[in-house]
Amino acid sequence: MYQYTEFDRDFVHRRAAQFRDQIERWQSGKLSEDDFRPLRLQNGWYVQRHAPMLRVAVPYGELSSAQLRVLARVAREYDEPEAQVYRLASDAQRKLGTVRLPTHYAHFTTRTNVQFNWIPLSKAADVMDLLASVDMHGIQTSGNCIRNISCDERAGVAPDEIADPRPFAEIMRQWTTLHPEFAFLPRKFKIAITGATEDRAATDWHDVGLHLLRNGAGELGFRISVGGGMGRTPVIGTVMREFLPWQHIMNYVEAVVRVYNRYGRRDNKYKARIKILVKAEGQRYIHEVEEEFVQIVNHDGGPHTIPQTELDRVSASFVPPKLTGRLSHLNPDALEMLKERAAQHPLFERWLQRNVALHKDPSMRIVTLSFKRLLQAPGDASADQLDLVAGLSDRFSAGEARVTHTQNLVLPWVHVDDLFMLWEAARDAGLASANVHLLTDMIACPGGDFCALANARSIPIAEAITALYQDLDELNDLGEIDLHISGCINSCGHHHSGHIGILGVDKDGKEWYQVTLGGSDGSATSGAAQPGKVIGPSFSASEVPEVVDAVILTYLSIRQSTGIRQERFIETVRRVGLDPFKAAANDVRE
Amino acid sequence: MTDNAHFRVLTALEHSLDPDQQVVSLGNDEDPLTLNSRVERVERIELYFPHFTDGRAYSQAYLLRRRLGFKGDLRATGDVLIDQLVQMERTGFSSAVLKEGVDPADAHRQFERFPAFYQSDLVSETSVLRCNTPKKRWS
């Protein structure tokens, strides 16, 4: 993991002190509510439906066990509303039908950050100080600035990796942090980086998507796509450069952002993302960026050109850890022993198949702890669970965990010999659902239970669908299906990229849900990134699980066998189109 | 007036008393590069913030300094928030006009917050991120 320098540490503390000063000026009336809002947002503080929400940055998803313990402490000691706030919130949500409104929880987001829903603003400055004690903060996790940079959850450990994206992600984290020119862009700006052949970071859905690759001469560089985004106008990024030498990546992104800052729309918030500018201007935008890039390099002297020495300096933070007390190689009979264990424990076998992936190092594995299970919202972790994961990562993963784009946690450094012990511990903690990439491994935003923007609740829909598919044999037979739920068109639950997408809409003050099929996040199994298509008028909340079931049954009845395996859900949708699914869904309407 | 080594923070009154010869005001949707032929003769350029969340003037400032080499006074007017003074300085502004009723002491405090930043800018000669050596400051 990246090791914070004295400078990094001091910087985060100073930022916390600056925020404390802003809070005090706001409390004393020197800073108006309107002027305070963008400042608190750029420190990760929203005001939501019932209470403030804090979003803590997890740069490129990496967490240390010490950070997990502090997140646990924040959940335990601070994620608690005043009695009156909670009573009003519970009353309001009960009227909608919500039965659980948990406190003392952290929530993992699709952009690999961590959110808390109940911390009173009066405790905000103290929480920021506590987070700063383990190098954490909320800098630029909200607001119209360059947000936290997300990355491949398997960066540095994936066998299909071309180059480790983390040193670049870290250099760009530093470059974007309090960038003076780009703090008030027309709208938010999200960058995702991957260095593997498989895209696990949905890069083409980002404002800037970066793919490390090698050209014909073996040199390292980036494929750059610009202008992807979800929201009410889903757009896939346009490739601006098939190959840009890595040294120039920040010079180029500076050109991309400067042209956007100057010409992006500011009159309409829904047309302010860079995707609209790229779409409206097309080739002219690309031309402007290329011109600006030439000026930055030739006239300004390429102020952000990365020298090899700087890449080496930052890369030194990302050397693989040595696991203490473990063999540095694969024991010759380790895999045999694993097979024996699997034969004795069918659930362990399932878990090995679904939640354990191959590692660059043959003696290690990448393990996903699933945060998708009944009675807890997708991506939710209690204070105790966070502490427990901290312990697991210390024992089994060199003290490191990663937040995934799909709202789970990954332990990246697990020795093969430890898999069974880890599974037992994870199972006892309720974090071993063997469902990674299956239907119940769904993405869901906090929705209308917490979010002020939501039109409808997401969590009860996720819960109802999860309850329908508890049979592991059935779930495995259905195969890999991405189901994504957003409570409103802002698309935090990435419904556009779900094979099955569910979007909450408001009709006459009631919760309704639009269903889309055929979306893709751009991973190999899902195909090129694309938004799903709506299968008809929206459904009521109670109809949604039945619609999902009808869609699934339709798939089962028409899927073909390719000889070695069954056609996947997304492949069937692509082959036959929407009609059979539409018909099945329509039959469910009351 | 609150002075930092490179940056003047002015009240509205002080601003109105400043000489207004050779002054150009640029709307924030105007292209600063059109001033190329006049930049040598202009003593002050004023960039306007209609609202402090509209960040176009930061890019204008950057282009005026680094691209056109403007050496005169670059002033922020309009909705100037003290929390952005350092940001203004770093993109090349050399003065800013405070809104009525803002305590200059609160403004002054902002310059002491961060001894250094990650990325190179128009003020500092060193940055934490060791990329290409930044150019010397503009003045």
# chains A, B, ... in the order shown; residues from 1 in each chain; ligands from 1
$ residues_around --residues "stretch 88-90 of chain B" --least-positions-apart "6" --cutoff "7 Å" --atoms "only C-alpha atoms" --output "count of residues only"
6
$ select_by_dssp --residues "stretch 369-574 of chain A" --states "alpha helix (DSSP H)" --output "VMD selection string"
chain A and resid 383 to 396 419 to 428 459 to 468 472 to 478 543 to 558 569 to 574
$ closest_atom_pairs --of "stretch 11-98 of chain B" --to "stretch 14-26 of chain A" --cutoff "12 Å" --atoms "only C-alpha atoms" --output "tab-separated table"
residue	atom	partner	partner_atom	distance
B:Leu81	CA	A:Gln22	CA	11.6
B:Ile82	CA	A:Gln22	CA	10.4
B:Asp83	CA	A:Gln22	CA	8.5
B:Gln84	CA	A:Gln18	CA	12.0
$ closest_residue --among "B:Tyr48, B:Leu63, B:His15, B:Val86" --to "B:Thr34" --atoms "only C-alpha atoms"
B:Leu63
$ residues_around --residues "A:Leu475" --least-positions-apart "2" --cutoff "10 Å" --atoms "only C-alpha atoms" --output "list in words"
Ala434, Asn435, Leu438, Leu439, Thr440, Tyr469, Gln470, Asp471, Leu472, Asp473, Asp477, Leu478, Gly479, Glu480 and Ile481 of chain A
$ write_last_selection --atoms "C-alpha atoms" --output "PDB file, in the first residue's frame"
ATOM      1  CA  ALA A 434     -20.725 -17.648  -2.180  1.00  0.00           C
ATOM      2  CA  ASN A 435     -22.405 -15.314  -4.636  1.00  0.00           C
ATOM      3  CA  LEU A 438     -24.279 -13.989  -9.237  1.00  0.00           C
ATOM      4  CA  LEU A 439     -27.757 -12.482  -9.135  1.00  0.00           C
ATOM      5  CA  THR A 440     -27.714 -11.674  -5.408  1.00  0.00           C
ATOM      6  CA  TYR A 469     -32.852 -16.403  -4.536  1.00  0.00           C
ATOM      7  CA  GLN A 470     -31.440 -18.074  -1.461  1.00  0.00           C
ATOM      8  CA  ASP A 471     -30.902 -21.493  -3.027  1.00  0.00           C
ATOM      9  CA  LEU A 472     -27.224 -21.682  -3.981  1.00  0.00           C
ATOM     10  CA  ASP A 473     -27.791 -24.435  -6.545  1.00  0.00           C
ATOM     11  CA  ASP A 477     -27.454 -22.471 -12.331  1.00  0.00           C
ATOM     12  CA  LEU A 478     -28.574 -18.959 -13.286  1.00  0.00           C
ATOM     13  CA  GLY A 479     -24.937 -18.009 -13.673  1.00  0.00           C
ATOM     14  CA  GLU A 480     -23.432 -14.576 -13.772  1.00  0.00           C
ATOM     15  CA  ILE A 481     -26.017 -11.817 -13.762  1.00  0.00           C
TER      16      ILE A 481
END
$ closest_residue --among "B:Asn36, B:Thr11, B:Gln21, B:Ser127" --to "B:Val102" --atoms "only C-alpha atoms"
B:Thr11
$ closest_atom_pairs --of "chain A" --to "chain B" --cutoff "9 Å" --atoms "only C-alpha atoms" --output "CSV"
residue,atom,partner,partner_atom,distance
A:Phe7,CA,B:Val128,CA,8.1
A:Asp8,CA,B:Tyr118,CA,8.9
A:Phe11,CA,B:Phe114,CA,7.2
A:Arg14,CA,B:Arg113,CA,6.6
A:Arg15,CA,B:Arg113,CA,8.1
A:Ala17,CA,B:Arg113,CA,8.4
A:Gln18,CA,B:Arg113,CA,7.1
A:Gln22,CA,B:Asp83,CA,8.5
A:Lys30,CA,B:Val102,CA,8.0
A:Asp35,CA,B:Leu81,CA,8.1
A:Pro38,CA,B:Thr53,CA,7.6
A:Leu39,CA,B:Asp83,CA,8.4
A:Asn144,CA,B:Thr53,CA,8.5
A:Ile171,CA,B:Leu129,CA,7.4
A:Gln174,CA,B:Tyr118,CA,5.7
A:Trp175,CA,B:Gln119,CA,5.3
A:Thr176,CA,B:Gln119,CA,7.9
A:Thr177,CA,B:Tyr118,CA,7.1
A:Leu178,CA,B:Phe117,CA,7.8
A:His179,CA,B:Gln119,CA,7.1
A:Pro180,CA,B:Gln87,CA,4.7
A:Glu181,CA,B:Tyr58,CA,5.1
A:Phe182,CA,B:Gly55,CA,7.2
A:Ala183,CA,B:Gly55,CA,7.1
A:Phe184,CA,B:Gly55,CA,4.6
A:Leu185,CA,B:Gly55,CA,5.8
A:Pro186,CA,B:Asp54,CA,7.2
A:Arg258,CA,B:Ser59,CA,6.6
A:Val259,CA,B:Ser59,CA,8.9
A:Asn261,CA,B:Arg56,CA,5.9
A:Arg262,CA,B:Arg56,CA,5.5
A:Tyr263,CA,B:Asp29,CA,8.1
A:Arg266,CA,B:Asp54,CA,7.9
A:Gln295,CA,B:Arg67,CA,8.2
A:Ile296,CA,B:Arg67,CA,8.8
A:His299,CA,B:Arg67,CA,7.2
A:Asp300,CA,B:Arg66,CA,6.7
A:Gly301,CA,B:Lys135,CA,7.9
A:Gly302,CA,B:Asn132,CA,6.9
A:Pro303,CA,B:Asn132,CA,5.3
A:His304,CA,B:Cys131,CA,5.4
A:Thr305,CA,B:Asn132,CA,5.7
A:Ile306,CA,B:Cys131,CA,5.1
A:Pro307,CA,B:Cys131,CA,6.2
A:Thr309,CA,B:Arg130,CA,8.5
A:Glu310,CA,B:Arg130,CA,6.0
$ write_last_selection --atoms "N, CA and C atoms" --output "CSV table (one decimal), in the first residue's frame"
chain,number,residue,atom,x,y,z
A,7,PHE,N,4.6,14.8,4.7
A,7,PHE,CA,3.8,15.9,4.0
A,7,PHE,C,2.3,15.5,3.9
A,8,ASP,N,2.1,14.3,3.4
A,8,ASP,CA,0.7,13.8,3.2
A,8,ASP,C,-0.1,13.9,4.5
A,11,PHE,N,-0.8,17.4,5.6
A,11,PHE,CA,-1.7,18.0,4.7
A,11,PHE,C,-3.1,17.7,5.1
A,14,ARG,N,-4.1,19.5,8.2
A,14,ARG,CA,-4.4,21.0,7.9
A,14,ARG,C,-5.7,21.1,7.2
A,15,ARG,N,-6.0,20.2,6.4
A,15,ARG,CA,-7.3,20.2,5.7
A,15,ARG,C,-8.5,20.1,6.8
A,17,ALA,N,-8.3,21.0,9.8
A,17,ALA,CA,-8.3,22.3,10.6
A,17,ALA,C,-9.0,23.4,9.8
A,18,GLN,N,-8.8,23.4,8.5
A,18,GLN,CA,-9.4,24.3,7.6
A,18,GLN,C,-10.9,24.1,7.7
A,22,GLN,N,-14.1,26.5,8.9
A,22,GLN,CA,-15.3,26.8,8.1
A,22,GLN,C,-16.6,26.5,8.8
A,30,LYS,N,-20.9,33.9,10.2
A,30,LYS,CA,-20.1,34.6,9.3
A,30,LYS,C,-20.1,34.0,7.9
A,35,ASP,N,-23.1,29.7,1.1
A,35,ASP,CA,-21.6,29.7,0.9
A,35,ASP,C,-20.9,28.5,1.6
A,38,PRO,N,-21.1,24.4,-0.6
A,38,PRO,CA,-20.0,23.8,-1.5
A,38,PRO,C,-18.7,23.5,-0.7
A,39,LEU,N,-18.5,24.2,0.4
A,39,LEU,CA,-17.2,23.9,1.1
A,39,LEU,C,-17.4,22.6,1.9
A,144,ASN,N,-18.3,19.8,-7.3
A,144,ASN,CA,-18.0,19.8,-8.7
A,144,ASN,C,-16.5,19.9,-9.0
A,171,ILE,N,-0.2,9.0,-8.0
A,171,ILE,CA,0.4,10.3,-8.6
A,171,ILE,C,-0.8,11.2,-9.0
A,174,GLN,N,-2.5,12.8,-6.0
A,174,GLN,CA,-1.8,13.9,-5.5
A,174,GLN,C,-2.0,15.1,-6.4
A,175,TRP,N,-2.0,14.9,-7.7
A,175,TRP,CA,-2.1,16.0,-8.6
A,175,TRP,C,-3.5,16.6,-8.6
A,176,THR,N,-4.5,15.8,-8.3
A,176,THR,CA,-5.9,16.3,-8.3
A,176,THR,C,-6.3,16.9,-6.9
A,177,THR,N,-5.5,16.6,-5.8
A,177,THR,CA,-5.9,17.0,-4.5
A,177,THR,C,-5.7,18.6,-4.4
A,178,LEU,N,-6.8,19.2,-4.1
A,178,LEU,CA,-6.8,20.7,-4.0
A,178,LEU,C,-6.1,21.4,-5.2
A,179,HIS,N,-6.4,20.8,-6.4
A,179,HIS,CA,-6.0,21.4,-7.6
A,179,HIS,C,-6.6,22.8,-7.7
A,180,PRO,N,-5.8,23.9,-7.8
A,180,PRO,CA,-6.4,25.2,-7.7
A,180,PRO,C,-7.4,25.6,-8.8
A,181,GLU,N,-7.1,25.1,-10.0
A,181,GLU,CA,-7.8,25.5,-11.2
A,181,GLU,C,-9.1,24.7,-11.3
A,182,PHE,N,-9.2,23.5,-10.8
A,182,PHE,CA,-10.3,22.6,-11.1
A,182,PHE,C,-11.2,22.3,-9.9
A,183,ALA,N,-11.3,23.2,-9.0
A,183,ALA,CA,-12.2,23.0,-7.8
A,183,ALA,C,-13.6,23.3,-8.0
A,184,PHE,N,-13.9,24.1,-9.1
A,184,PHE,CA,-15.3,24.5,-9.4
A,184,PHE,C,-15.6,24.4,-10.8
A,185,LEU,N,-15.6,23.1,-11.2
A,185,LEU,CA,-15.9,22.7,-12.6
A,185,LEU,C,-17.4,22.9,-12.8
A,186,PRO,N,-17.9,22.7,-14.1
A,186,PRO,CA,-19.4,22.8,-14.3
A,186,PRO,C,-20.1,21.7,-13.5
A,258,ARG,N,-9.3,21.3,-18.6
A,258,ARG,CA,-9.3,22.8,-18.8
A,258,ARG,C,-10.3,23.1,-19.9
A,259,VAL,N,-10.3,22.4,-21.0
A,259,VAL,CA,-11.3,22.7,-22.0
A,259,VAL,C,-12.7,22.5,-21.5
A,261,ASN,N,-13.6,22.9,-18.3
A,261,ASN,CA,-13.9,24.0,-17.4
A,261,ASN,C,-14.3,25.2,-18.1
A,262,ARG,N,-13.7,25.5,-19.3
A,262,ARG,CA,-14.0,26.7,-20.0
A,262,ARG,C,-15.3,26.6,-20.8
A,263,TYR,N,-15.6,25.4,-21.3
A,263,TYR,CA,-16.7,25.4,-22.2
A,263,TYR,C,-17.9,24.5,-21.8
A,266,ARG,N,-23.0,25.5,-17.8
A,266,ARG,CA,-23.2,25.8,-16.4
A,266,ARG,C,-24.6,26.3,-16.2
A,295,GLN,N,-0.1,22.8,-26.5
A,295,GLN,CA,0.4,24.0,-25.8
A,295,GLN,C,1.0,23.7,-24.4
A,296,ILE,N,0.3,22.8,-23.7
A,296,ILE,CA,0.8,22.5,-22.3
A,296,ILE,C,2.2,21.9,-22.4
A,299,HIS,N,4.5,24.9,-25.0
A,299,HIS,CA,4.6,26.2,-24.5
A,299,HIS,C,4.8,26.3,-23.0
A,300,ASP,N,4.0,25.5,-22.3
A,300,ASP,CA,4.1,25.6,-20.8
A,300,ASP,C,5.3,24.7,-20.3
A,301,GLY,N,5.8,23.9,-21.1
A,301,GLY,CA,7.0,23.1,-20.7
A,301,GLY,C,6.6,21.7,-20.1
A,302,GLY,N,5.3,21.3,-20.3
A,302,GLY,CA,4.9,20.0,-19.8
A,302,GLY,C,5.0,19.9,-18.3
A,303,PRO,N,4.4,20.8,-17.6
A,303,PRO,CA,4.6,20.9,-16.1
A,303,PRO,C,4.2,19.7,-15.3
A,304,HIS,N,3.5,18.8,-16.0
A,304,HIS,CA,3.1,17.6,-15.2
A,304,HIS,C,3.6,16.3,-15.9
A,305,THR,N,4.6,16.5,-16.7
A,305,THR,CA,5.3,15.3,-17.2
A,305,THR,C,5.9,14.4,-16.1
A,306,ILE,N,5.6,13.2,-16.1
A,306,ILE,CA,6.1,12.3,-15.0
A,306,ILE,C,7.5,11.8,-15.4
A,307,PRO,N,8.5,12.1,-14.6
A,307,PRO,CA,9.8,11.5,-14.9
A,307,PRO,C,9.8,10.0,-14.4
A,309,THR,N,12.0,8.7,-12.5
A,309,THR,CA,12.4,8.7,-11.1
A,309,THR,C,11.2,8.9,-10.2
A,310,GLU,N,10.2,9.7,-10.6
A,310,GLU,CA,9.0,10.0,-9.8
A,310,GLU,C,8.1,8.7,-9.8
$ select_by_dssp --residues "stretch 455-544 of chain A" --states "strand (DSSP E)" --output "list in words"
Leu483, His484, Ile485, Ser486, Ile500, Gly501, Ile502, Leu503, Gly504, Val505, Asp506, Lys507, Lys510, Glu511, Trp512, Tyr513, Gln514, Val515, Thr516, Leu517, Lys533, Val534, Phe539 and Ser540 of chain A
$ write_last_selection --atoms "N, CA and C atoms" --output "mmCIF file, in the first residue's frame"
data_model
loop_
_atom_site.group_PDB
_atom_site.id
_atom_site.type_symbol
_atom_site.label_atom_id
_atom_site.label_comp_id
_atom_site.auth_asym_id
_atom_site.auth_seq_id
_atom_site.Cartn_x
_atom_site.Cartn_y
_atom_site.Cartn_z
ATOM 1 N N LEU A 483 -27.179 -7.376 -11.456
ATOM 2 C CA LEU A 483 -28.433 -6.689 -11.187
ATOM 3 C C LEU A 483 -28.117 -5.409 -10.415
ATOM 4 N N HIS A 484 -28.499 -4.276 -10.978
ATOM 5 C CA HIS A 484 -28.143 -2.980 -10.392
ATOM 6 C C HIS A 484 -29.401 -2.150 -10.108
ATOM 7 N N ILE A 485 -29.461 -1.569 -8.909
ATOM 8 C CA ILE A 485 -30.663 -0.816 -8.510
ATOM 9 C C ILE A 485 -30.299 0.623 -8.129
ATOM 10 N N SER A 486 -30.945 1.591 -8.767
ATOM 11 C CA SER A 486 -30.786 3.000 -8.381
ATOM 12 C C SER A 486 -32.133 3.546 -7.914
ATOM 13 N N ILE A 500 -29.625 -6.594 -15.633
ATOM 14 C CA ILE A 500 -30.969 -6.191 -15.236
ATOM 15 C C ILE A 500 -30.811 -4.899 -14.447
ATOM 16 N N GLY A 501 -31.440 -3.832 -14.902
ATOM 17 C CA GLY A 501 -31.348 -2.560 -14.197
ATOM 18 C C GLY A 501 -32.704 -2.191 -13.629
ATOM 19 N N ILE A 502 -32.711 -1.680 -12.407
ATOM 20 C CA ILE A 502 -33.968 -1.250 -11.793
ATOM 21 C C ILE A 502 -33.801 0.196 -11.359
ATOM 22 N N LEU A 503 -34.709 1.037 -11.818
ATOM 23 C CA LEU A 503 -34.614 2.466 -11.533
ATOM 24 C C LEU A 503 -35.867 2.950 -10.816
ATOM 25 N N GLY A 504 -35.708 3.563 -9.654
ATOM 26 C CA GLY A 504 -36.841 4.105 -8.920
ATOM 27 C C GLY A 504 -37.333 5.391 -9.560
ATOM 28 N N VAL A 505 -38.637 5.478 -9.796
ATOM 29 C CA VAL A 505 -39.224 6.708 -10.335
ATOM 30 C C VAL A 505 -40.419 7.107 -9.473
ATOM 31 N N ASP A 506 -40.747 8.363 -9.555
ATOM 32 C CA ASP A 506 -41.854 8.878 -8.761
ATOM 33 C C ASP A 506 -43.057 9.076 -9.672
ATOM 34 N N LYS A 507 -44.186 8.438 -9.292
ATOM 35 C CA LYS A 507 -45.423 8.675 -10.066
ATOM 36 C C LYS A 507 -46.502 9.056 -9.071
ATOM 37 N N LYS A 510 -45.877 8.216 -5.513
ATOM 38 C CA LYS A 510 -45.696 6.805 -5.149
ATOM 39 C C LYS A 510 -44.426 6.248 -5.780
ATOM 40 N N GLU A 511 -43.915 5.174 -5.167
ATOM 41 C CA GLU A 511 -42.681 4.566 -5.668
ATOM 42 C C GLU A 511 -42.980 3.595 -6.805
ATOM 43 N N TRP A 512 -42.374 3.838 -7.956
ATOM 44 C CA TRP A 512 -42.478 2.935 -9.096
ATOM 45 C C TRP A 512 -41.079 2.626 -9.598
ATOM 46 N N TYR A 513 -41.002 1.562 -10.412
ATOM 47 C CA TYR A 513 -39.665 1.129 -10.832
ATOM 48 C C TYR A 513 -39.650 0.765 -12.313
ATOM 49 N N GLN A 514 -38.678 1.376 -13.003
ATOM 50 C CA GLN A 514 -38.494 1.059 -14.411
ATOM 51 C C GLN A 514 -37.472 -0.071 -14.499
ATOM 52 N N VAL A 515 -37.703 -1.013 -15.380
ATOM 53 C CA VAL A 515 -36.762 -2.133 -15.509
ATOM 54 C C VAL A 515 -36.098 -2.082 -16.882
ATOM 55 N N THR A 516 -34.763 -2.210 -16.886
ATOM 56 C CA THR A 516 -34.016 -2.236 -18.143
ATOM 57 C C THR A 516 -33.277 -3.562 -18.244
ATOM 58 N N LEU A 517 -33.006 -3.966 -19.466
ATOM 59 C CA LEU A 517 -32.246 -5.201 -19.699
ATOM 60 C C LEU A 517 -31.114 -4.939 -20.687
ATOM 61 N N LYS A 533 -31.874 -1.353 -21.996
ATOM 62 C CA LYS A 533 -33.073 -0.775 -22.616
ATOM 63 C C LYS A 533 -34.301 -1.053 -21.751
ATOM 64 N N VAL A 534 -35.173 -0.070 -21.671
ATOM 65 C CA VAL A 534 -36.372 -0.171 -20.843
ATOM 66 C C VAL A 534 -37.334 -1.199 -21.436
ATOM 67 N N PHE A 539 -43.105 -0.483 -12.972
ATOM 68 C CA PHE A 539 -43.825 -1.456 -12.151
ATOM 69 C C PHE A 539 -43.931 -0.956 -10.716
ATOM 70 N N SER A 540 -44.917 -1.464 -9.996
ATOM 71 C CA SER A 540 -45.019 -1.129 -8.581
ATOM 72 C C SER A 540 -43.965 -1.911 -7.808
#
$ atom_distance --atom1 "atom CA of A:Pro165" --atom2 "atom CA of A:Gly195"
5.1 Å
$ atom_distance --atom1 "atom CA of A:Lys279" --atom2 "atom CA of A:Arg241"
16.4 Å
$ atom_distance --atom1 "atom CA of A:Thr238" --atom2 "atom CA of A:His495"
20.5 Å
$ residues_around --residues "A:Asp417" --least-positions-apart "4" --cutoff "12 Å" --atoms "only C-alpha atoms" --output "number ranges by chain"
A: 323, 325-339, 341, 362-365, 396, 413, 421-423
$ write_last_selection --atoms "N, CA and C atoms" --output "CSV table (one decimal), in the first residue's frame"
chain,number,residue,atom,x,y,z
A,323,LEU,N,4.4,-12.2,3.5
A,323,LEU,CA,3.5,-12.7,4.5
A,323,LEU,C,4.3,-13.4,5.6
A,325,GLY,N,5.4,-15.9,8.4
A,325,GLY,CA,5.0,-17.3,8.8
A,325,GLY,C,4.4,-18.1,7.7
A,326,ARG,N,4.4,-17.7,6.5
A,326,ARG,CA,3.9,-18.5,5.4
A,326,ARG,C,5.0,-18.8,4.4
A,327,LEU,N,4.8,-19.9,3.7
A,327,LEU,CA,5.7,-20.3,2.7
A,327,LEU,C,5.7,-19.3,1.6
A,328,SER,N,6.8,-19.0,1.0
A,328,SER,CA,6.8,-18.0,-0.1
A,328,SER,C,6.5,-18.7,-1.4
A,329,HIS,N,6.3,-20.1,-1.4
A,329,HIS,CA,5.9,-20.8,-2.6
A,329,HIS,C,4.7,-21.7,-2.3
A,330,LEU,N,4.2,-22.3,-3.3
A,330,LEU,CA,3.1,-23.2,-3.1
A,330,LEU,C,3.6,-24.5,-2.7
A,331,ASN,N,3.1,-25.0,-1.5
A,331,ASN,CA,3.4,-26.3,-1.0
A,331,ASN,C,2.9,-27.3,-2.1
A,332,PRO,N,3.7,-28.3,-2.4
A,332,PRO,CA,3.3,-29.2,-3.5
A,332,PRO,C,2.0,-29.9,-3.3
A,333,ASP,N,1.6,-30.2,-2.0
A,333,ASP,CA,0.3,-30.8,-1.8
A,333,ASP,C,-0.8,-29.9,-1.4
A,334,ALA,N,-0.5,-28.6,-1.5
A,334,ALA,CA,-1.5,-27.6,-1.0
A,334,ALA,C,-2.8,-27.7,-1.8
A,335,LEU,N,-2.7,-27.8,-3.1
A,335,LEU,CA,-3.9,-27.8,-3.9
A,335,LEU,C,-4.7,-29.1,-3.6
A,336,GLU,N,-4.0,-30.2,-3.4
A,336,GLU,CA,-4.6,-31.5,-3.1
A,336,GLU,C,-5.4,-31.4,-1.8
A,337,MET,N,-4.8,-30.7,-0.8
A,337,MET,CA,-5.4,-30.6,0.5
A,337,MET,C,-6.7,-29.7,0.4
A,338,LEU,N,-6.6,-28.7,-0.5
A,338,LEU,CA,-7.7,-27.8,-0.7
A,338,LEU,C,-8.9,-28.6,-1.3
A,339,LYS,N,-8.5,-29.5,-2.2
A,339,LYS,CA,-9.6,-30.3,-2.8
A,339,LYS,C,-10.2,-31.2,-1.8
A,341,ARG,N,-10.5,-30.7,1.4
A,341,ARG,CA,-11.4,-29.8,2.3
A,341,ARG,C,-12.7,-29.5,1.5
A,362,PRO,N,1.6,-17.6,-7.5
A,362,PRO,CA,0.9,-18.9,-7.5
A,362,PRO,C,0.6,-19.4,-6.1
A,363,SER,N,1.3,-18.9,-5.1
A,363,SER,CA,1.0,-19.3,-3.7
A,363,SER,C,-0.1,-18.5,-3.0
A,364,MET,N,-0.6,-17.6,-3.7
A,364,MET,CA,-1.6,-16.7,-3.1
A,364,MET,C,-2.9,-16.7,-3.9
A,365,ARG,N,-4.0,-16.2,-3.3
A,365,ARG,CA,-5.3,-16.0,-3.9
A,365,ARG,C,-5.9,-14.7,-3.6
A,396,PHE,N,-4.7,-12.6,7.5
A,396,PHE,CA,-4.7,-13.4,6.3
A,396,PHE,C,-4.3,-12.5,5.0
A,413,TRP,N,-4.1,-10.5,-0.5
A,413,TRP,CA,-2.9,-11.2,-0.3
A,413,TRP,C,-3.1,-12.5,0.6
A,421,MET,N,-9.1,-21.6,6.8
A,421,MET,CA,-9.3,-20.9,8.0
A,421,MET,C,-10.0,-19.5,7.8
A,422,LEU,N,-9.7,-18.9,6.7
A,422,LEU,CA,-10.3,-17.6,6.4
A,422,LEU,C,-11.8,-17.8,6.1
A,423,TRP,N,-12.1,-18.9,5.3
A,423,TRP,CA,-13.5,-19.1,5.0
A,423,TRP,C,-14.3,-19.4,6.3
$ closest_residue --among "A:Tyr78, A:Glu291, A:Glu242, A:Pro234" --to "A:Asn215" --atoms "only C-alpha atoms"
A:Glu242
$ decode --residues "stretch 285-307 of chain A" --atoms "C-alpha atoms" --output "JSON list (two decimals), in the first residue's frame"
[["chain", "number", "residue", "atom", "x", "y", "z"],
["A", 285, "TYR", "CA", -13.92, 19.06, -28.52],
["A", 286, "ILE", "CA", -11.26, 16.48, -29.37],
["A", 287, "HIS", "CA", -9.48, 19.06, -31.53],
["A", 288, "GLU", "CA", -9.54, 21.67, -28.73],
["A", 289, "VAL", "CA", -8.10, 19.18, -26.26],
["A", 290, "GLU", "CA", -5.35, 18.12, -28.63],
["A", 291, "GLU", "CA", -4.46, 21.78, -29.27],
["A", 292, "GLU", "CA", -4.41, 22.51, -25.55],
["A", 293, "PHE", "CA", -2.28, 19.44, -24.91],
["A", 294, "VAL", "CA", 0.29, 20.64, -27.47],
["A", 295, "GLN", "CA", 0.37, 24.05, -25.78],
["A", 296, "ILE", "CA", 0.78, 22.50, -22.33],
["A", 297, "VAL", "CA", 3.71, 20.39, -23.51],
["A", 298, "ASN", "CA", 5.42, 22.81, -25.92],
["A", 299, "HIS", "CA", 4.60, 26.22, -24.51],
["A", 300, "ASP", "CA", 4.13, 25.57, -20.80],
["A", 301, "GLY", "CA", 6.97, 23.06, -20.72],
["A", 302, "GLY", "CA", 4.88, 20.02, -19.79],
["A", 303, "PRO", "CA", 4.63, 20.92, -16.11],
["A", 304, "HIS", "CA", 3.07, 17.58, -15.21],
["A", 305, "THR", "CA", 5.27, 15.26, -17.24],
["A", 306, "ILE", "CA", 6.09, 12.32, -14.97],
["A", 307, "PRO", "CA", 9.79, 11.48, -14.89]]
